[in-house]
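Data block for my_file.csv (CSV, C-alpha atoms and all ligand atoms):
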```csv
chain,number,residue,atom,x,y,z
H,1,MET,CA,13.0,14.0,15.3
H,2,LYS,CA,15.9,13.9,12.9
H,3,ILE,CA,15.7,13.9,9.1
H,4,PHE,CA,18.3,12.1,7.1
H,5,ASN,CA,18.9,12.3,3.4
H,6,HIS,CA,21.8,9.9,3.3
H,7,ILE,CA,21.8,6.1,3.9
H,8,SER,CA,25.0,6.1,5.9
H,9,GLU,CA,23.8,8.7,8.4
H,10,LEU,CA,20.6,6.9,9.0
H,11,GLN,CA,22.4,3.6,9.5
H,12,THR,CA,24.9,5.1,12.0
H,13,ALA,CA,22.0,6.4,14.1
H,14,LEU,CA,20.1,3.1,13.9
H,15,ASN,CA,23.1,1.0,14.8
H,16,THR,CA,23.4,2.9,18.1
H,17,HIS,CA,19.8,2.0,19.0
H,18,ARG,CA,20.4,-1.6,18.0
H,19,GLN,CA,23.4,-1.8,20.3
H,20,ASP,CA,21.2,-0.5,23.1
H,21,GLY,CA,18.8,-3.4,22.5
H,22,GLN,CA,16.1,-1.2,21.1
H,23,ASN,CA,13.9,-2.6,18.3
H,24,ILE,CA,13.1,-0.6,15.1
H,25,GLY,CA,9.7,-0.1,13.5
H,26,PHE,CA,9.5,1.1,9.9
H,27,VAL,CA,6.8,2.8,7.8
H,28,PRO,CA,7.7,3.3,4.2
H,29,THR,CA,5.8,6.0,2.4
H,30,MET,CA,5.9,8.2,-0.7
H,31,GLY,CA,4.9,11.3,1.4
H,32,ASN,CA,1.8,13.5,0.9
H,33,LEU,CA,0.8,12.0,4.3
H,34,HIS,CA,-2.7,11.7,5.5
H,35,ASP,CA,-4.4,10.1,8.6
H,36,GLY,CA,-4.0,6.7,7.0
H,37,HIS,CA,-0.2,7.0,7.1
H,38,LEU,CA,-0.4,8.4,10.7
H,39,SER,CA,-2.4,5.3,11.8
H,40,LEU,CA,0.5,3.2,10.4
H,41,VAL,CA,3.0,5.3,12.4
H,42,ASN,CA,0.9,4.6,15.6
H,43,ILE,CA,1.0,0.9,14.9
H,44,ALA,CA,4.8,1.0,14.5
H,45,LYS,CA,5.1,3.0,17.7
H,46,ALA,CA,3.0,0.3,19.6
H,47,HIS,CA,5.4,-2.4,18.3
H,48,ALA,CA,8.8,-0.7,18.4
H,49,ASP,CA,11.1,1.5,20.5
H,50,ILE,CA,12.3,3.6,17.5
H,51,VAL,CA,10.2,4.5,14.5
H,52,VAL,CA,11.6,5.4,11.1
H,53,VAL,CA,9.4,6.7,8.3
H,54,SER,CA,10.8,6.9,4.8
H,55,ILE,CA,9.5,9.5,2.3
H,56,PHE,CA,10.6,8.6,-1.2
H,57,VAL,CA,8.6,8.9,-4.4
H,58,ASN,CA,10.1,5.8,-6.1
H,59,PRO,CA,10.5,6.3,-9.8
H,60,THR,CA,10.8,2.5,-10.6
H,61,GLN,CA,7.2,1.8,-9.5
H,62,PHE,CA,5.7,4.3,-11.9
H,63,GLY,CA,5.0,3.3,-15.5
H,64,VAL,CA,5.5,5.4,-18.6
H,65,GLY,CA,2.9,8.1,-18.7
H,66,GLU,CA,2.0,7.7,-15.1
H,67,ASP,CA,2.0,10.5,-12.5
H,68,PHE,CA,5.7,10.3,-11.2
H,69,ASP,CA,6.4,14.0,-12.2
H,70,SER,CA,3.1,15.3,-10.8
H,71,TYR,CA,2.9,13.1,-7.7
H,72,PRO,CA,2.4,15.5,-4.8
H,73,ARG,CA,5.6,16.3,-3.0
H,74,THR,CA,4.8,17.9,0.4
H,75,LEU,CA,8.0,17.3,2.4
H,76,ASP,CA,7.6,20.2,4.9
H,77,ALA,CA,4.0,19.4,5.8
H,78,ASP,CA,4.9,15.7,6.0
H,79,VAL,CA,7.8,16.3,8.3
H,80,ALA,CA,5.6,18.5,10.6
H,81,LYS,CA,3.0,15.7,10.8
H,82,LEU,CA,5.5,13.1,11.6
H,83,ASP,CA,7.1,15.2,14.3
H,84,THR,CA,3.8,15.7,16.0
H,85,ALA,CA,3.1,12.0,15.7
H,86,GLY,CA,6.3,11.2,17.6
H,87,VAL,CA,8.4,9.7,14.9
H,88,ASP,CA,12.1,9.4,15.6
H,89,TYR,CA,13.7,9.5,12.2
H,90,VAL,CA,12.6,10.5,8.7
H,91,PHE,CA,14.6,9.1,5.8
H,92,ALA,CA,14.1,11.3,2.7
H,93,PRO,CA,16.7,10.2,0.2
H,94,SER,CA,17.1,11.6,-3.3
H,95,VAL,CA,16.7,9.4,-6.4
H,96,ASP,CA,20.5,9.5,-6.8
H,97,GLU,CA,21.0,8.3,-3.2
H,98,MET,CA,18.6,5.3,-3.8
H,99,TYR,CA,19.6,4.6,-7.4
H,100,PRO,CA,23.3,5.6,-8.0
H,101,SER,CA,23.0,4.1,-11.4
H,102,TYR,CA,19.7,4.4,-13.2
H,103,PRO,CA,17.9,2.4,-14.4
H,104,PRO,CA,18.9,-0.2,-11.7
H,105,SER,CA,20.3,-3.4,-13.1
H,106,VAL,CA,18.9,-5.7,-10.3
H,107,GLN,CA,15.3,-6.7,-10.4
H,108,VAL,CA,13.4,-8.4,-7.6
H,109,LEU,CA,11.4,-10.7,-9.7
H,110,SER,CA,7.9,-11.4,-8.5
H,111,GLY,CA,5.6,-14.2,-9.4
H,112,GLU,CA,2.0,-14.6,-10.5
H,113,ILE,CA,0.7,-12.4,-7.6
H,114,THR,CA,2.3,-9.4,-9.4
H,115,LYS,CA,0.5,-10.1,-12.7
H,116,ILE,CA,-3.1,-10.0,-11.5
H,117,LEU,CA,-5.3,-7.1,-10.4
H,118,CYS,CA,-3.2,-3.9,-10.4
H,119,GLY,CA,-0.4,-5.8,-12.1
H,120,LYS,CA,-2.5,-6.1,-15.2
H,121,SER,CA,-2.9,-2.4,-15.8
H,122,ARG,CA,0.4,-1.5,-14.2
H,123,PRO,CA,2.7,-4.3,-15.5
H,124,THR,CA,6.0,-2.9,-14.1
H,125,HIS,CA,4.6,-1.4,-10.9
H,126,PHE,CA,5.2,-4.3,-8.4
H,127,ASP,CA,8.7,-5.0,-9.7
H,128,GLY,CA,9.5,-1.4,-8.7
H,129,VAL,CA,7.8,-1.7,-5.4
H,130,GLY,CA,9.6,-5.0,-4.7
H,131,LEU,CA,12.9,-3.4,-5.5
H,132,VAL,CA,12.5,-0.3,-3.5
H,133,VAL,CA,11.0,-2.1,-0.5
H,134,SER,CA,13.9,-4.6,-0.5
H,135,LYS,CA,16.4,-1.8,-0.7
H,136,LEU,CA,14.7,0.1,2.2
H,137,PHE,CA,14.5,-3.1,4.3
H,138,ASN,CA,18.3,-3.6,3.8
H,139,ILE,CA,19.0,0.0,4.6
H,140,VAL,CA,16.7,0.3,7.7
H,141,ARG,CA,16.9,-3.4,8.8
H,142,PRO,CA,13.7,-3.0,10.8
H,143,ASP,CA,12.3,-5.5,13.2
H,144,VAL,CA,8.7,-4.5,12.3
H,145,ALA,CA,7.4,-2.9,9.1
H,146,VAL,CA,3.8,-1.5,8.7
H,147,PHE,CA,1.9,-1.3,5.4
H,148,GLY,CA,-1.6,-0.2,4.8
H,149,LYS,CA,-4.3,-2.7,3.8
H,150,LYS,CA,-5.7,-0.3,1.3
H,151,ASP,CA,-3.0,-1.5,-1.0
H,152,TYR,CA,-3.9,-5.1,-0.3
H,153,GLN,CA,-2.1,-6.6,-3.2
H,154,GLN,CA,1.1,-4.7,-2.3
H,155,LEU,CA,0.8,-6.0,1.3
H,156,ALA,CA,0.4,-9.6,0.1
H,157,ILE,CA,3.4,-9.2,-2.3
H,158,ILE,CA,5.6,-7.7,0.5
H,159,ARG,CA,4.7,-10.6,2.8
H,160,GLN,CA,5.8,-13.0,0.1
H,161,LEU,CA,9.0,-11.0,-0.5
H,162,ASN,CA,9.8,-11.0,3.2
H,163,ASP,CA,9.3,-14.7,3.4
H,164,GLU,CA,11.0,-15.8,0.2
H,165,LEU,CA,14.0,-13.4,0.6
H,166,ASN,CA,14.3,-14.3,4.4
H,167,PHE,CA,14.2,-10.7,5.6
H,168,GLY,CA,12.7,-12.0,8.8
H,169,ILE,CA,10.7,-8.8,9.5
H,170,ASP,CA,7.4,-8.8,11.3
H,171,ILE,CA,5.1,-7.4,8.6
H,172,ILE,CA,1.9,-5.7,10.0
H,173,GLY,CA,-1.1,-4.7,7.9
H,174,GLY,CA,-2.8,-1.5,9.1
H,175,GLU,CA,-6.6,-1.2,8.6
H,176,ILE,CA,-7.9,1.2,6.0
H,177,VAL,CA,-8.7,4.7,7.3
H,178,ARG,CA,-11.7,6.2,5.8
H,179,ALA,CA,-13.3,9.7,5.5
H,180,ASP,CA,-16.6,10.1,7.4
H,181,ASP,CA,-18.5,9.3,4.2
H,182,GLY,CA,-16.5,6.0,3.7
H,183,LEU,CA,-14.0,7.0,1.1
H,184,ALA,CA,-10.6,5.3,1.8
H,185,LEU,CA,-8.0,7.9,2.4
H,186,SER,CA,-5.4,8.1,-0.4
H,187,SER,CA,-2.8,10.6,-1.5
H,188,ARG,CA,-4.4,10.4,-5.0
H,189,ASN,CA,-7.8,11.6,-3.6
H,190,GLY,CA,-6.4,15.1,-4.1
H,191,TYR,CA,-6.9,14.5,-7.9
H,192,LEU,CA,-10.7,14.4,-7.5
H,193,THR,CA,-12.8,17.4,-8.5
H,194,ALA,CA,-15.6,18.4,-6.1
H,195,SER,CA,-18.2,16.6,-8.1
H,196,GLU,CA,-16.0,13.5,-8.4
H,197,ARG,CA,-15.4,13.6,-4.6
H,198,ALA,CA,-19.1,13.5,-4.1
H,199,ILE,CA,-19.4,10.4,-6.2
H,200,ALA,CA,-16.3,8.6,-4.7
H,201,PRO,CA,-17.9,7.1,-1.5
H,202,ASN,CA,-20.1,5.0,-3.8
H,203,LEU,CA,-17.2,2.7,-4.3
H,204,GLN,CA,-17.1,1.5,-0.7
H,205,ARG,CA,-20.9,1.6,-0.4
H,206,LEU,CA,-21.2,-0.8,-3.3
H,207,LEU,CA,-18.4,-3.1,-2.0
H,208,VAL,CA,-20.3,-3.4,1.4
H,209,GLN,CA,-23.5,-4.2,-0.5
H,210,MET,CA,-21.6,-6.8,-2.6
H,211,ALA,CA,-20.1,-8.4,0.5
H,212,ASP,CA,-23.6,-8.7,2.1
H,213,GLU,CA,-24.9,-10.5,-1.0
H,214,LEU,CA,-21.8,-12.8,-1.0
H,215,LYS,CA,-22.3,-13.6,2.6
H,216,GLN,CA,-26.0,-14.4,2.0
H,217,PHE,CA,-25.6,-16.4,-1.2
H,218,GLY,CA,-22.2,-18.0,-0.8
H,219,THR,CA,-19.3,-18.2,-3.3
H,220,ASP,CA,-21.0,-20.1,-6.1
H,221,GLY,CA,-22.4,-17.0,-7.8
H,222,ILE,CA,-19.2,-15.0,-7.6
H,223,SER,CA,-18.8,-14.3,-11.3
H,224,ALA,CA,-22.4,-13.1,-11.6
H,225,LEU,CA,-22.0,-10.9,-8.6
H,226,VAL,CA,-18.8,-9.4,-10.0
H,227,GLN,CA,-20.6,-8.6,-13.2
H,228,LYS,CA,-23.5,-7.1,-11.4
H,229,TYR,CA,-21.4,-4.8,-9.2
H,230,THR,CA,-19.0,-3.9,-12.0
H,231,ASP,CA,-22.1,-2.5,-13.8
H,232,LEU,CA,-23.4,-0.8,-10.7
H,233,ILE,CA,-20.1,0.9,-10.0
H,234,ASN,CA,-19.7,2.0,-13.6
H,235,GLN,CA,-23.3,3.4,-13.5
H,236,THR,CA,-22.3,5.7,-10.6
H,237,GLY,CA,-19.7,7.4,-12.8
H,238,PHE,CA,-16.6,5.3,-12.3
H,239,VAL,CA,-14.8,3.3,-15.0
H,240,VAL,CA,-13.9,-0.1,-13.3
H,241,ASP,CA,-10.4,-1.4,-13.9
H,242,TYR,CA,-11.1,-4.6,-12.0
H,243,LEU,CA,-13.5,-5.9,-9.4
H,244,ALA,CA,-12.5,-9.3,-8.1
H,245,VAL,CA,-12.9,-11.8,-5.2
H,246,TYR,CA,-9.8,-13.7,-3.9
H,247,ASN,CA,-8.7,-15.3,-0.7
H,248,ASP,CA,-6.4,-13.5,1.6
H,249,LYS,CA,-3.3,-14.9,-0.2
H,250,LEU,CA,-4.8,-13.6,-3.4
H,251,HIS,CA,-5.5,-17.1,-4.7
H,252,THR,CA,-8.8,-18.0,-6.5
H,253,PRO,CA,-11.3,-18.6,-3.6
H,254,LYS,CA,-12.2,-22.2,-2.8
H,255,ALA,CA,-15.5,-23.3,-1.2
H,256,ASN,CA,-13.8,-23.9,2.2
H,257,ASP,CA,-11.9,-20.6,2.3
H,258,LYS,CA,-12.6,-18.7,5.5
H,259,HIS,CA,-11.1,-15.4,4.6
H,260,LEU,CA,-12.1,-13.6,1.3
H,261,VAL,CA,-11.3,-10.2,0.0
H,262,LEU,CA,-13.3,-8.1,-2.5
H,263,LEU,CA,-10.9,-5.8,-4.3
H,264,VAL,CA,-11.7,-3.0,-6.7
H,265,ALA,CA,-9.8,-0.4,-8.7
H,266,ALA,CA,-11.8,2.2,-10.6
H,267,TYR,CA,-11.0,5.4,-12.4
H,268,LEU,CA,-12.9,8.5,-11.5
H,269,GLY,CA,-11.7,11.3,-13.7
H,270,LYS,CA,-7.9,11.5,-13.4
H,271,ALA,CA,-7.8,9.4,-10.2
H,272,ARG,CA,-7.5,5.7,-10.0
H,273,LEU,CA,-9.1,4.7,-6.7
H,274,LEU,CA,-8.5,1.4,-4.9
H,275,ASP,CA,-10.6,-0.1,-2.2
H,276,ASN,CA,-11.2,-3.6,-0.7
H,277,LEU,CA,-13.2,-5.3,1.9
H,278,GLU,CA,-12.3,-8.5,3.9
H,279,ILE,CA,-14.9,-11.1,4.7
H,280,LYS,CA,-14.0,-13.6,7.5
H,281,TRP,CA,-16.0,-16.6,8.5
H,282,GLN,CA,-15.5,-18.4,11.8
O,1,LIG,O1,2.6,2.3,-0.6
O,1,LIG,C1,3.5,3.1,-0.9
O,1,LIG,O2,3.4,4.3,-0.6
O,1,LIG,C2,4.7,2.7,-1.8
O,1,LIG,O3,4.3,1.7,-2.7
O,1,LIG,C3,5.9,2.2,-0.9
O,1,LIG,C4,5.5,0.9,-0.2
O,1,LIG,C5,6.3,3.2,0.0
O,1,LIG,C6,7.0,1.8,-1.9
O,1,LIG,O4,7.4,2.9,-2.6
```
Represent the structure of the file as structure tokens.
Amino acid sequence: MKIFNHISELQTALNTHRQDGQNIGFVPTMGNLHDGHLSLVNIAKAHADIVVVSIFVNPTQFGVGEDFDSYPRTLDADVAKLDTAGVDYVFAPSVDEMYPSYPPSVQVLSGEITKILCGKSRPTHFDGVGLVVSKLFNIVRPDVAVFGKKDYQQLAIIRQLNDELNFGIDIIGGEIVRADDGLALSSRNGYLTASERAIAPNLQRLLVQMADELKQFGTDGISALVQKYTDLINQTGFVVDYLAVYNDKLHTPKANDKHLVLLVAAYLGKARLLDNLEIKWQ
């Protein structure tokens, strides 16, 4: 495995593979890797000859007062995990390499889908994600890119970006990887104290319960259900940021939708945890 800090070096290496007819799989990350990321690497390996993982804590997707400075940077441990996982190239650029002039003057504008859910409490977040992912797509020029479904809204936005900007990349969503007690793995779980960590699995437990009720009673009572489960999640010690039901394109569900998603973001102490659950009808 090789590690590159510079765009041109990575591109030279990848061009050789392209000339040899090999296809390229890409997993963008911000490091602090856990088994969820490694599952994305495995998906990329199954779909591509050469796998590139980027590690870049992207400043443009953090709002003022958010955890950009304190975001865990664990490059050595990350590189060791990726080496074991059989990754070919790690791309770990500096902020200067990615953004020679800061703040960047180009914005990848995103529509309504960036204003709902996480976009309400993090209004500039998805503009930053859209920009860095577009830059990384142009740098790596992958055939396949893999993103985790835990960040369901991010995945939906990237699918739109890929379509509307004609990147032509095969975007694959990797299933959420959970701890044994059900908590979705996340780099930010490290912010939880021991007592918060014990409370944290209630988020998924209540989502599962809510999905069961939804399946039983149908979509008519969604707003009452959202209110009920917002209260229940708050009662376990979280502060709910949002709990919502959308279809898989993140549009308001209609009666004939066959694929719904329950999405939640909730604070538990310092950590803001995300989770979601898909419901598919035949
Ligand atoms: O999901 C993440 O870790 C980040 O938002 C991403 C896609 C790597 C962009 O910085």
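Shortest separation to Asn276 (chain H) among H:Tyr191, H:Phe238, H:Tyr152, H:Tyr229 occurs at residue H:Tyr152, atoms counted being all atoms listed in the file.
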How far is it from CA of Leu185 (chain H) to CA of Ser94 (chain H), in Å with one decimal?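 CA of Leu185 (chain H) sits 26.0 Å away from CA of Ser94 (chain H).
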Where does chain H meet ligand LIG 1 (chain O) within 10 Å, residue by residue, with the nearest atom pair and distance in Å to one decimal for each, counting only C-alpha atoms and all ligand atoms, listed by chain and rising number, as JSON lines?
```
{"residue": "H:Val27", "atom": "CA", "partner": "O:LIG1", "partner_atom": "C5", "distance": 7.8}
{"residue": "H:Pro28", "atom": "CA", "partner": "O:LIG1", "partner_atom": "C5", "distance": 4.4}
{"residue": "H:Thr29", "atom": "CA", "partner": "O:LIG1", "partner_atom": "C5", "distance": 3.7}
{"residue": "H:Met30", "atom": "CA", "partner": "O:LIG1", "partner_atom": "O2", "distance": 4.6}
{"residue": "H:Gly31", "atom": "CA", "partner": "O:LIG1", "partner_atom": "O2", "distance": 7.4}
{"residue": "H:Asn32", "atom": "CA", "partner": "O:LIG1", "partner_atom": "O2", "distance": 9.5}
{"residue": "H:Leu33", "atom": "CA", "partner": "O:LIG1", "partner_atom": "O2", "distance": 9.5}
{"residue": "H:His37", "atom": "CA", "partner": "O:LIG1", "partner_atom": "O2", "distance": 8.9}
{"residue": "H:Val53", "atom": "CA", "partner": "O:LIG1", "partner_atom": "C5", "distance": 9.5}
{"residue": "H:Ser54", "atom": "CA", "partner": "O:LIG1", "partner_atom": "C5", "distance": 7.5}
{"residue": "H:Ile55", "atom": "CA", "partner": "O:LIG1", "partner_atom": "C5", "distance": 7.4}
{"residue": "H:Phe56", "atom": "CA", "partner": "O:LIG1", "partner_atom": "O4", "distance": 6.7}
{"residue": "H:Val57", "atom": "CA", "partner": "O:LIG1", "partner_atom": "O4", "distance": 6.4}
{"residue": "H:Asn58", "atom": "CA", "partner": "O:LIG1", "partner_atom": "O4", "distance": 5.3}
{"residue": "H:Pro59", "atom": "CA", "partner": "O:LIG1", "partner_atom": "O4", "distance": 8.5}
{"residue": "H:Thr60", "atom": "CA", "partner": "O:LIG1", "partner_atom": "O4", "distance": 8.7}
{"residue": "H:Gln61", "atom": "CA", "partner": "O:LIG1", "partner_atom": "O4", "distance": 7.0}
{"residue": "H:Phe62", "atom": "CA", "partner": "O:LIG1", "partner_atom": "O4", "distance": 9.6}
{"residue": "H:His125", "atom": "CA", "partner": "O:LIG1", "partner_atom": "O3", "distance": 8.8}
{"residue": "H:Phe126", "atom": "CA", "partner": "O:LIG1", "partner_atom": "O3", "distance": 8.3}
{"residue": "H:Gly128", "atom": "CA", "partner": "O:LIG1", "partner_atom": "O4", "distance": 7.8}
{"residue": "H:Val129", "atom": "CA", "partner": "O:LIG1", "partner_atom": "C6", "distance": 5.0}
{"residue": "H:Gly130", "atom": "CA", "partner": "O:LIG1", "partner_atom": "C6", "distance": 7.8}
{"residue": "H:Leu131", "atom": "CA", "partner": "O:LIG1", "partner_atom": "C6", "distance": 8.6}
{"residue": "H:Val132", "atom": "CA", "partner": "O:LIG1", "partner_atom": "O4", "distance": 6.1}
{"residue": "H:Val133", "atom": "CA", "partner": "O:LIG1", "partner_atom": "C6", "distance": 5.8}
{"residue": "H:Ser134", "atom": "CA", "partner": "O:LIG1", "partner_atom": "C6", "distance": 9.5}
{"residue": "H:Leu136", "atom": "CA", "partner": "O:LIG1", "partner_atom": "C6", "distance": 8.9}
{"residue": "H:Val146", "atom": "CA", "partner": "O:LIG1", "partner_atom": "C4", "distance": 9.4}
{"residue": "H:Phe147", "atom": "CA", "partner": "O:LIG1", "partner_atom": "C4", "distance": 7.0}
{"residue": "H:Gly148", "atom": "CA", "partner": "O:LIG1", "partner_atom": "O1", "distance": 7.3}
{"residue": "H:Lys149", "atom": "CA", "partner": "O:LIG1", "partner_atom": "O1", "distance": 9.6}
{"residue": "H:Lys150", "atom": "CA", "partner": "O:LIG1", "partner_atom": "O1", "distance": 8.9}
{"residue": "H:Asp151", "atom": "CA", "partner": "O:LIG1", "partner_atom": "O1", "distance": 6.8}
{"residue": "H:Tyr152", "atom": "CA", "partner": "O:LIG1", "partner_atom": "O1", "distance": 9.9}
{"residue": "H:Gln154", "atom": "CA", "partner": "O:LIG1", "partner_atom": "O3", "distance": 7.2}
{"residue": "H:Leu155", "atom": "CA", "partner": "O:LIG1", "partner_atom": "C4", "distance": 8.5}
{"residue": "H:Ile158", "atom": "CA", "partner": "O:LIG1", "partner_atom": "C4", "distance": 8.6}
{"residue": "H:Ser186", "atom": "CA", "partner": "O:LIG1", "partner_atom": "O2", "distance": 9.6}
{"residue": "H:Ser187", "atom": "CA", "partner": "O:LIG1", "partner_atom": "O2", "distance": 8.9}
```
Would you mind telling me which residue in H:Leu207, H:Val108, H:Ala46, H:Ala145 lies nearest to Glu164 (chain H) when using only C-alpha atoms?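 Under the stated criterion, the closest residue is H:Val108.
The residues that lie within 6 Å of the point (-13.7, 0.9, -16.7), counting all atoms listed in the file, are H:Val239, H:Val240, H:Asp241.
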Only C-alpha atoms, please: the residues just picked out, written as a short mmCIF file (atom, residue, chain, number, x, y, z; two decimals), in the coordinates of the input.
```cif
data_model
loop_
_atom_site.label_atom_id
_atom_site.label_comp_id
_atom_site.auth_asym_id
_atom_site.auth_seq_id
_atom_site.Cartn_x
_atom_site.Cartn_y
_atom_site.Cartn_z
CA VAL H 239 -14.80 3.30 -15.00
CA VAL H 240 -13.90 -0.10 -13.30
CA ASP H 241 -10.40 -1.40 -13.90
#
```
Using all atoms listed in the file: which of H:Asp143, H:Asp35, H:Glu112, H:Asp69 has the shortest distance to Arg18 (chain H):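 Comparing H:Asp143, H:Asp35, H:Glu112, H:Asp69 against Arg18 (chain H), the winner is H:Asp143.
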Quick one: residues within 12 Å of Leu14 (chain H), only C-alpha atoms counted, chain neighbours fewer than 2 positions away excluded, as a PyMOL selection string? chain H and resi 2+4+7-12+16-26+49-52+88-91+139-143
For Lys258 (chain H), which residue out of H:Lys280, H:Gly237, H:Arg197, H:Leu225 is the nearest one, using all atoms listed in the file?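 Ranked by minimum distance to Lys258 (chain H), first place goes to H:Lys280.
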For Lys120 (chain H), the nearest of the candidates H:Ala265, H:Ala77, H:Leu206, H:Leu214, counting only C-alpha atoms: H:Ala265
Between CA of Val261 (chain H) and CA of Asn42 (chain H), what is the distance in Å, rounded to a tenth?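 Separation of CA of Val261 (chain H) and CA of Asn42 (chain H): 24.7 Å.
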Write out as a PyMOL selection string the residues lying within 8 Å of Ile113 (chain H), counting all atoms listed in the file and excluding same-chain residues fewer than 6 positions away. chain H and resi 153+157+250
Atomic separation - CA of Thr124 (chain H) relative to CA of Val106 (chain H), Å: 13.7 Å
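With only C-alpha atoms as the atoms that count, the minimum distance from Leu268 (chain H) to the choices H:Val245, H:Val226, H:Leu203, H:Ala13 is reached by H:Leu203.
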